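Structure data follow from protein-v7.csv (CSV, C-alpha atoms and all ligand atoms):
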chain,number,residue,atom,x,y,z
M,313,MET,CA,27.3,-33.2,51.9
M,314,LYS,CA,27.8,-33.7,48.2
M,315,ASN,CA,24.1,-34.6,47.9
M,316,ARG,CA,23.1,-31.4,49.8
M,317,THR,CA,25.2,-29.2,47.5
M,318,ALA,CA,23.8,-30.9,44.5
M,319,ARG,CA,20.2,-30.4,45.8
M,320,TRP,CA,20.9,-26.7,46.5
M,321,MET,CA,22.4,-26.2,43.1
M,322,THR,CA,19.4,-27.9,41.5
M,323,GLY,CA,17.1,-25.6,43.6
M,324,LEU,CA,19.0,-22.5,42.6
M,325,ALA,CA,18.9,-23.5,38.9
M,326,THR,CA,15.1,-24.1,39.2
M,327,ALA,CA,14.5,-20.8,40.8
M,328,ALA,CA,16.6,-19.0,38.2
M,329,LEU,CA,14.6,-20.8,35.4
M,330,LEU,CA,11.3,-19.9,37.1
M,331,SER,CA,12.2,-16.3,37.5
M,332,ALA,CA,13.4,-16.1,33.9
M,333,GLY,CA,10.1,-17.6,32.9
M,334,THR,CA,8.2,-15.0,34.9
M,335,VAL,CA,10.1,-12.2,33.3
M,336,ALA,CA,9.6,-13.7,29.8
M,337,PHE,CA,5.9,-14.1,30.6
M,338,ALA,CA,5.6,-10.5,31.8
M,339,GLN,CA,7.5,-9.2,28.8
M,340,GLY,CA,5.4,-11.2,26.4
M,341,GLY,CA,2.1,-10.6,28.2
M,342,ALA,CA,-0.7,-8.6,26.6
M,343,ALA,CA,-0.4,-5.8,29.1
M,344,SER,CA,3.3,-5.1,28.3
M,345,ARG,CA,3.0,-5.7,24.5
M,346,PRO,CA,3.9,-2.5,22.6
M,347,ASP,CA,0.9,-1.0,20.8
M,348,THR,CA,2.3,-1.3,17.3
M,349,SER,CA,-0.1,-1.3,14.3
M,350,ALA,CA,0.6,-5.0,13.8
M,351,THR,CA,-0.8,-5.8,17.3
M,352,LEU,CA,-3.8,-3.4,17.1
M,353,ASN,CA,-5.0,-3.9,13.5
M,354,LYS,CA,-7.9,-6.2,12.6
M,355,PRO,CA,-8.8,-7.0,9.0
M,356,PRO,CA,-11.4,-4.6,7.4
M,357,ARG,CA,-15.0,-5.7,7.8
M,358,PRO,CA,-17.3,-5.5,4.8
M,359,LYS,CA,-20.2,-3.1,5.2
M,360,ASN,CA,-22.2,-4.7,2.4
M,361,GLU,CA,-22.2,-7.4,-0.2
M,362,ALA,CA,-20.3,-5.3,-2.8
M,363,GLU,CA,-17.5,-4.6,-0.3
M,364,ALA,CA,-17.5,-8.3,0.7
M,365,LYS,CA,-16.9,-9.3,-2.9
M,366,VAL,CA,-13.9,-7.0,-3.3
M,367,LEU,CA,-12.5,-7.9,0.1
M,368,ALA,CA,-12.8,-11.6,-0.8
M,369,VAL,CA,-10.5,-11.1,-3.8
M,370,ILE,CA,-8.1,-8.9,-1.9
M,371,ASP,CA,-8.0,-11.6,0.9
M,372,GLU,CA,-7.3,-14.4,-1.6
M,373,MET,CA,-4.5,-12.4,-3.2
M,374,THR,CA,-3.1,-11.4,0.3
M,375,GLN,CA,-2.9,-15.1,1.3
M,376,ASP,CA,-1.6,-16.3,-2.1
M,377,ARG,CA,1.6,-14.4,-3.0
M,378,SER,CA,1.7,-16.0,-6.4
M,379,GLN,CA,-1.3,-13.9,-7.4
M,380,ARG,CA,0.6,-10.7,-6.7
M,381,TYR,CA,3.7,-9.3,-8.3
M,382,LEU,CA,5.7,-6.6,-6.3
M,383,SER,CA,2.4,-5.4,-4.8
M,384,VAL,CA,1.9,-3.0,-2.0
M,385,SER,CA,1.3,-4.5,1.5
M,386,PRO,CA,-2.2,-4.9,2.9
M,387,GLU,CA,-1.4,-2.0,5.3
M,388,ASP,CA,-0.5,0.3,2.4
M,389,GLY,CA,-3.6,-0.7,0.5
M,390,ARG,CA,-5.8,-0.1,3.4
M,391,LEU,CA,-4.4,3.5,3.8
M,392,PHE,CA,-5.0,4.1,0.1
M,393,ARG,CA,-8.6,3.1,0.5
M,394,GLN,CA,-9.0,5.3,3.5
M,395,LEU,CA,-7.4,8.4,1.8
M,396,THR,CA,-9.5,7.8,-1.4
M,397,GLU,CA,-12.8,7.6,0.5
M,398,ALA,CA,-12.0,10.4,3.0
M,399,THR,CA,-11.1,12.8,0.2
M,400,GLY,CA,-14.2,11.7,-1.8
M,401,ALA,CA,-11.9,11.1,-4.8
M,402,LYS,CA,-13.6,10.7,-8.1
M,403,ARG,CA,-10.7,10.2,-10.4
M,404,VAL,CA,-7.6,8.1,-9.4
M,405,VAL,CA,-4.7,7.5,-11.7
M,406,GLU,CA,-2.3,4.7,-10.9
M,407,VAL,CA,1.0,4.1,-12.6
M,408,GLY,CA,2.0,0.4,-12.2
M,409,THR,CA,-1.0,-1.9,-12.1
M,410,SER,CA,0.7,-5.2,-11.8
M,411,THR,CA,-2.0,-7.8,-11.1
M,412,GLY,CA,-4.4,-5.3,-9.6
M,413,TYR,CA,-3.9,-5.6,-5.8
M,414,SER,CA,-3.5,-1.9,-5.1
M,415,GLY,CA,-6.1,-1.2,-7.7
M,416,LEU,CA,-8.6,-3.3,-5.7
M,417,TRP,CA,-8.0,-1.2,-2.6
M,418,PHE,CA,-8.7,2.0,-4.5
M,419,ALA,CA,-11.8,0.4,-6.1
M,420,LEU,CA,-13.1,-0.4,-2.7
M,421,ALA,CA,-13.3,3.3,-2.0
M,422,LEU,CA,-14.4,4.4,-5.4
M,423,ARG,CA,-17.5,2.2,-5.3
M,424,SER,CA,-18.7,4.5,-2.5
M,425,THR,CA,-17.3,7.9,-3.8
M,426,GLY,CA,-18.8,7.2,-7.3
M,427,GLY,CA,-15.3,7.6,-8.8
M,428,LYS,CA,-13.1,5.8,-11.4
M,429,LEU,CA,-9.6,4.4,-11.5
M,430,VAL,CA,-7.4,4.6,-14.6
M,431,THR,CA,-4.4,2.3,-14.2
M,432,HIS,CA,-1.3,1.9,-16.4
M,433,GLU,CA,0.7,-1.3,-17.0
M,434,LEU,CA,3.5,-2.1,-19.4
M,435,ASP,CA,3.3,-5.9,-19.1
M,436,PRO,CA,0.3,-7.4,-21.1
M,437,GLY,CA,0.2,-10.6,-19.0
M,438,ARG,CA,-0.1,-8.7,-15.7
M,439,ALA,CA,-2.6,-6.3,-17.3
M,440,ARG,CA,-4.8,-9.3,-18.2
M,441,ILE,CA,-4.5,-10.9,-14.8
M,442,ALA,CA,-5.4,-7.5,-13.3
M,443,ARG,CA,-8.5,-7.3,-15.5
M,444,ASP,CA,-9.6,-10.8,-14.3
M,445,HIS,CA,-9.2,-9.7,-10.7
M,446,PHE,CA,-11.2,-6.6,-11.2
M,447,LYS,CA,-14.0,-8.6,-12.9
M,448,LYS,CA,-14.0,-11.2,-10.2
M,449,ALA,CA,-14.3,-8.5,-7.5
M,450,GLY,CA,-17.2,-6.9,-9.4
M,451,VAL,CA,-15.4,-3.6,-10.0
M,452,ASP,CA,-14.5,-3.9,-13.7
M,453,ASP,CA,-17.0,-1.1,-14.4
M,454,LEU,CA,-14.9,1.3,-12.2
M,455,VAL,CA,-11.5,0.5,-13.6
M,456,THR,CA,-9.8,1.1,-17.0
M,457,VAL,CA,-6.4,-0.6,-17.5
M,458,ILE,CA,-4.2,1.1,-20.1
M,459,GLU,CA,-1.5,-1.1,-21.5
M,460,GLY,CA,1.9,0.3,-22.7
M,461,ASP,CA,4.8,2.4,-21.5
M,462,ALA,CA,3.2,4.8,-19.0
M,463,HIS,CA,5.8,7.5,-19.8
M,464,GLU,CA,3.9,7.8,-23.1
M,465,THR,CA,0.4,6.7,-22.2
M,466,VAL,CA,0.0,9.1,-19.3
M,467,LYS,CA,0.1,11.9,-21.8
M,468,GLN,CA,-3.5,11.0,-22.8
M,469,HIS,CA,-4.8,12.3,-19.4
M,470,LYS,CA,-6.6,15.7,-19.8
M,471,GLU,CA,-9.0,15.8,-16.8
M,472,PRO,CA,-8.2,16.8,-13.2
M,473,ILE,CA,-6.8,14.0,-11.0
M,474,ASP,CA,-7.9,13.7,-7.4
M,475,ILE,CA,-5.3,11.0,-6.4
M,476,LEU,CA,-2.2,10.1,-8.4
M,477,PHE,CA,-0.5,6.8,-7.3
M,478,LEU,CA,3.0,6.1,-8.5
M,479,ASP,CA,4.3,2.5,-8.3
M,480,ALA,CA,6.0,1.7,-11.6
M,481,ASP,CA,9.7,2.1,-12.5
M,482,LYS,CA,11.3,3.9,-9.5
M,483,GLU,CA,13.6,6.0,-11.7
M,484,GLY,CA,10.5,7.2,-13.7
M,485,TYR,CA,8.7,8.8,-10.7
M,486,ILE,CA,10.1,12.2,-11.5
M,487,ASP,CA,9.0,12.0,-15.1
M,488,TYR,CA,5.4,10.9,-14.1
M,489,LEU,CA,5.3,13.7,-11.5
M,490,GLN,CA,6.4,16.4,-14.0
M,491,LYS,CA,3.8,15.1,-16.6
M,492,LEU,CA,0.9,14.7,-14.2
M,493,LEU,CA,1.3,17.2,-11.4
M,494,PRO,CA,-0.3,20.0,-13.4
M,495,LEU,CA,-3.5,17.8,-13.6
M,496,VAL,CA,-3.6,17.0,-9.9
M,497,ARG,CA,-6.3,19.3,-8.5
M,498,PRO,CA,-5.5,21.7,-5.6
M,499,GLY,CA,-6.3,19.6,-2.5
M,500,GLY,CA,-5.5,16.4,-4.3
M,501,LEU,CA,-2.9,13.8,-3.3
M,502,ILE,CA,0.1,12.2,-4.9
M,503,LEU,CA,0.9,8.9,-3.3
M,504,ALA,CA,4.2,7.2,-4.0
M,505,HIS,CA,5.3,3.7,-3.0
M,506,ASN,CA,8.8,2.5,-2.1
M,507,MET,CA,10.0,5.6,-0.3
M,508,LYS,CA,12.3,3.3,1.7
M,509,SER,CA,13.1,0.4,-0.6
M,510,PRO,CA,13.9,0.3,-3.4
M,511,ARG,CA,14.2,4.1,-3.3
M,512,PRO,CA,13.1,6.2,-6.2
M,513,ASP,CA,15.3,8.7,-8.0
M,514,PRO,CA,16.4,11.3,-5.3
M,515,ARG,CA,15.1,14.0,-7.7
M,516,TYR,CA,11.6,12.8,-6.9
M,517,ILE,CA,12.2,13.1,-3.1
M,518,GLU,CA,13.6,16.6,-3.7
M,519,ALA,CA,10.6,17.6,-5.9
M,520,ILE,CA,8.0,16.6,-3.3
M,521,THR,CA,9.8,18.0,-0.3
M,522,ALA,CA,11.2,21.3,-1.6
M,523,ASN,CA,8.3,22.6,-3.6
M,524,PRO,CA,6.3,25.2,-1.6
M,525,ALA,CA,3.1,24.2,-3.4
M,526,LEU,CA,3.4,20.7,-1.9
M,527,ASP,CA,3.5,19.2,1.5
M,528,THR,CA,4.7,15.6,2.0
M,529,SER,CA,4.7,13.1,4.8
M,530,PHE,CA,6.4,9.7,4.7
M,531,VAL,CA,4.3,7.0,6.3
M,532,LEU,CA,4.3,3.2,6.9
M,533,MET,CA,8.1,3.4,6.8
M,534,GLU,CA,8.3,0.1,8.8
M,535,GLY,CA,7.3,-1.4,5.4
M,536,SER,CA,8.3,-0.2,2.0
M,537,GLY,CA,7.3,3.3,2.8
M,538,VAL,CA,4.7,5.6,1.3
M,539,GLY,CA,5.0,9.2,0.4
M,540,VAL,CA,1.8,11.2,0.9
M,541,THR,CA,2.0,14.5,-0.9
M,542,LEU,CA,-0.7,17.2,-0.7
M,543,LYS,CA,-1.0,19.6,-3.6
M,544,LYS,CA,-2.0,22.7,-1.6
M,545,ARG,CA,-5.1,24.6,-2.4
M,601,LIG,C1,5.6,-2.6,-8.1
M,601,LIG,S1,4.6,-3.2,-9.4
M,601,LIG,C2,3.1,-2.4,-9.1
M,601,LIG,C3,2.3,-3.1,-8.0
M,601,LIG,C4,0.9,-2.6,-7.9
M,601,LIG,N1,0.8,-1.2,-7.7
M,601,LIG,C5,0.2,-3.3,-6.7
M,601,LIG,O1,0.5,-2.9,-5.6
M,601,LIG,O2,-0.5,-4.3,-6.9
M,601,LIG,C6,5.2,-2.3,-10.8
M,601,LIG,C7,4.5,-2.5,-12.1
M,601,LIG,O3,4.9,-1.4,-12.9
M,601,LIG,C8,5.0,-1.9,-14.2
M,601,LIG,N2,5.8,-0.9,-15.0
M,601,LIG,C9,7.2,-0.8,-14.9
M,601,LIG,N3,7.6,0.2,-15.8
M,601,LIG,C10,6.4,0.6,-16.4
M,601,LIG,C11,6.2,1.6,-17.4
M,601,LIG,N4,7.2,2.3,-18.0
M,601,LIG,N5,4.9,1.8,-17.8
M,601,LIG,C12,3.9,1.1,-17.2
M,601,LIG,N6,4.1,0.2,-16.3
M,601,LIG,C13,5.3,-0.1,-15.9
M,601,LIG,C14,5.6,-3.2,-14.1
M,601,LIG,O4,5.4,-4.0,-15.2
M,601,LIG,C15,5.0,-3.8,-12.8
M,601,LIG,O5,3.9,-4.6,-13.1

Would you give me this structure, written as structure tokens?
Ligand SMILES: C[S@@+](CC[C@H](N)C(=O)[O-])C[C@H]1O[C@@H](n2cnc3c(N)ncnc32)[C@H](O)[C@@H]1O
Amino acid sequence: MKNRTARWMTGLATAALLSAGTVAFAQGGAASRPDTSATLNKPPRPKNEAEAKVLAVIDEMTQDRSQRYLSVSPEDGRLFRQLTEATGAKRVVEVGTSTGYSGLWFALALRSTGGKLVTHELDPGRARIARDHFKKAGVDDLVTVIEGDAHETVKQHKEPIDILFLDADKEGYIDYLQKLLPLVRPGGLILAHNMKSPRPDPRYIEAITANPALDTSFVLMEGSGVGVTLKKR
């Protein structure tokens, strides 16, 4: 009797384990996996040798975090490339170069739009590494790195800007916006990193959401978050 009870208990436990396993399998199976961008995305494929050269450096930096400093994510970078190429941007201004990771994504698009990137960096060591990355990727002819405090150096811009990308000191976004918004062409974009963390000065959020001349979406908020602001025509 004791043996029969023990066998029954073992059978019950096995059935419970099997059914739990079936549920786990069903939940983890491809059919029921949620269609998040992480499950659907595949790495970008190079269309030609020039793209392959840029993507090789991007890939190396993506794999080796020591080559990046506080850079955007690959998903963010990919979006910047898409927006730059889709809008046919000819002149991109970046504030906060770091070691050039986001700059390489912009450069990937600028090679085909025939445009240029001007990027600002305070730290001379990071500016040097960025230049090395741009050279290795074969896009150094498209990129100008301006060293120094961007609150001062952005004053040298006089020409219209198609895309402005803010990714330096978060409390400085409002100052960069005030100085450069007049140069952003109607139909141009202001992209801003870290809309979720670390958040910029709330005055920046107010400036891009309350101005009737602008229209802003917040995207990729599952990461650090990107503000995409259109300067209306
Ligand atoms: C978040 S990192 C930029 C990451 C880069 N956009 C990327 O994704 O590869 C911010 C950079 O802004 C620079 N920075 C901070 N304050 C600055 C300032 N006032 N002027 C210029 N650069 C500044 C920092 O030295 C740092 O390298």

Given 7 Å and all atoms listed in the file, residues near ligand LIG 601 (chain M) as a PyMOL selection string: chain M and resi 380-384+407-415+432-435+438+460-463+479-481

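What separates atom CA of Ala368 of chain M from atom CA of Asp453 of chain M is a distance of 17.7 Å.
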
Selected residue of minimal separation from Pro494 of chain M among M:Arg377, M:Arg440, M:Lys543, M:Lys365, counting only C-alpha atoms: M:Lys543

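Contact shell of segment 526-539 of chain M at 9 Å (only C-alpha atoms; same-chain neighbours under 3 positions omitted): Val384, Ser385, Glu387, Asp388, Ile502, Leu503, Ala504, His505, Asn506, Met507, Lys508, Ser509, Pro510, Ile517, Ala519, Ile520, Thr521, Ala522, Asn523, Leu542, Lys543 and Lys544 of chain M.
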
Atom CA of His469 of chain M to atom CA of Glu363 of chain M, straight-line distance in Å: 28.5 Å

Excluding Leu454 of chain M and its own-chain neighbours fewer than 2 positions away, which residues fall within 12 Å of it when counting only C-alpha atoms? Please give them as a PDB file with C-alpha atoms, keeping the file's coordinate frame.
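Final file, part16.pdb:
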ATOM      1  CA  LYS M 402     -13.600  10.700  -8.100  1.00  0.00           C
ATOM      2  CA  ARG M 403     -10.700  10.200 -10.400  1.00  0.00           C
ATOM      3  CA  VAL M 404      -7.600   8.100  -9.400  1.00  0.00           C
ATOM      4  CA  VAL M 405      -4.700   7.500 -11.700  1.00  0.00           C
ATOM      5  CA  GLY M 415      -6.100  -1.200  -7.700  1.00  0.00           C
ATOM      6  CA  LEU M 416      -8.600  -3.300  -5.700  1.00  0.00           C
ATOM      7  CA  PHE M 418      -8.700   2.000  -4.500  1.00  0.00           C
ATOM      8  CA  ALA M 419     -11.800   0.400  -6.100  1.00  0.00           C
ATOM      9  CA  LEU M 420     -13.100  -0.400  -2.700  1.00  0.00           C
ATOM     10  CA  ALA M 421     -13.300   3.300  -2.000  1.00  0.00           C
ATOM     11  CA  LEU M 422     -14.400   4.400  -5.400  1.00  0.00           C
ATOM     12  CA  ARG M 423     -17.500   2.200  -5.300  1.00  0.00           C
ATOM     13  CA  SER M 424     -18.700   4.500  -2.500  1.00  0.00           C
ATOM     14  CA  THR M 425     -17.300   7.900  -3.800  1.00  0.00           C
ATOM     15  CA  GLY M 426     -18.800   7.200  -7.300  1.00  0.00           C
ATOM     16  CA  GLY M 427     -15.300   7.600  -8.800  1.00  0.00           C
ATOM     17  CA  LYS M 428     -13.100   5.800 -11.400  1.00  0.00           C
ATOM     18  CA  LEU M 429      -9.600   4.400 -11.500  1.00  0.00           C
ATOM     19  CA  VAL M 430      -7.400   4.600 -14.600  1.00  0.00           C
ATOM     20  CA  THR M 431      -4.400   2.300 -14.200  1.00  0.00           C
ATOM     21  CA  ARG M 443      -8.500  -7.300 -15.500  1.00  0.00           C
ATOM     22  CA  PHE M 446     -11.200  -6.600 -11.200  1.00  0.00           C
ATOM     23  CA  LYS M 447     -14.000  -8.600 -12.900  1.00  0.00           C
ATOM     24  CA  ALA M 449     -14.300  -8.500  -7.500  1.00  0.00           C
ATOM     25  CA  GLY M 450     -17.200  -6.900  -9.400  1.00  0.00           C
ATOM     26  CA  VAL M 451     -15.400  -3.600 -10.000  1.00  0.00           C
ATOM     27  CA  ASP M 452     -14.500  -3.900 -13.700  1.00  0.00           C
ATOM     28  CA  THR M 456      -9.800   1.100 -17.000  1.00  0.00           C
ATOM     29  CA  VAL M 457      -6.400  -0.600 -17.500  1.00  0.00           C
TER      30      VAL M 457
END

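Across the model, the gap from atom CA of Thr351 of chain M to atom CA of Val366 of chain M is 24.4 Å.
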
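Compared by their closest atoms to Phe392 of chain M, and using all atoms listed in the file, the residues M:Leu478, M:Val369, M:Leu489, M:Leu495 rank with M:Leu478 nearest.
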
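The smallest atom-to-atom distance between Gln490 of chain M and any of M:Ala350, M:Tyr516, M:Pro436, M:Glu361, using all atoms listed in the file, is found for M:Tyr516.
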
With all atoms of segment 452-456 of chain M from the file as input, state the centre and edge lengths in Å to one decimal of the axis-aligned box that has 8 Å extra on each side, as JSON.
{"center_x": -13.4, "center_y": -1.3, "center_z": -14.6, "size_x": 23.2, "size_y": 21.2, "size_z": 20.8}

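When all atoms listed in the file are used to measure the gap to Ile370 of chain M, the shortest distance among M:Glu464, M:His445, M:Leu476, M:Val496 belongs to M:His445.
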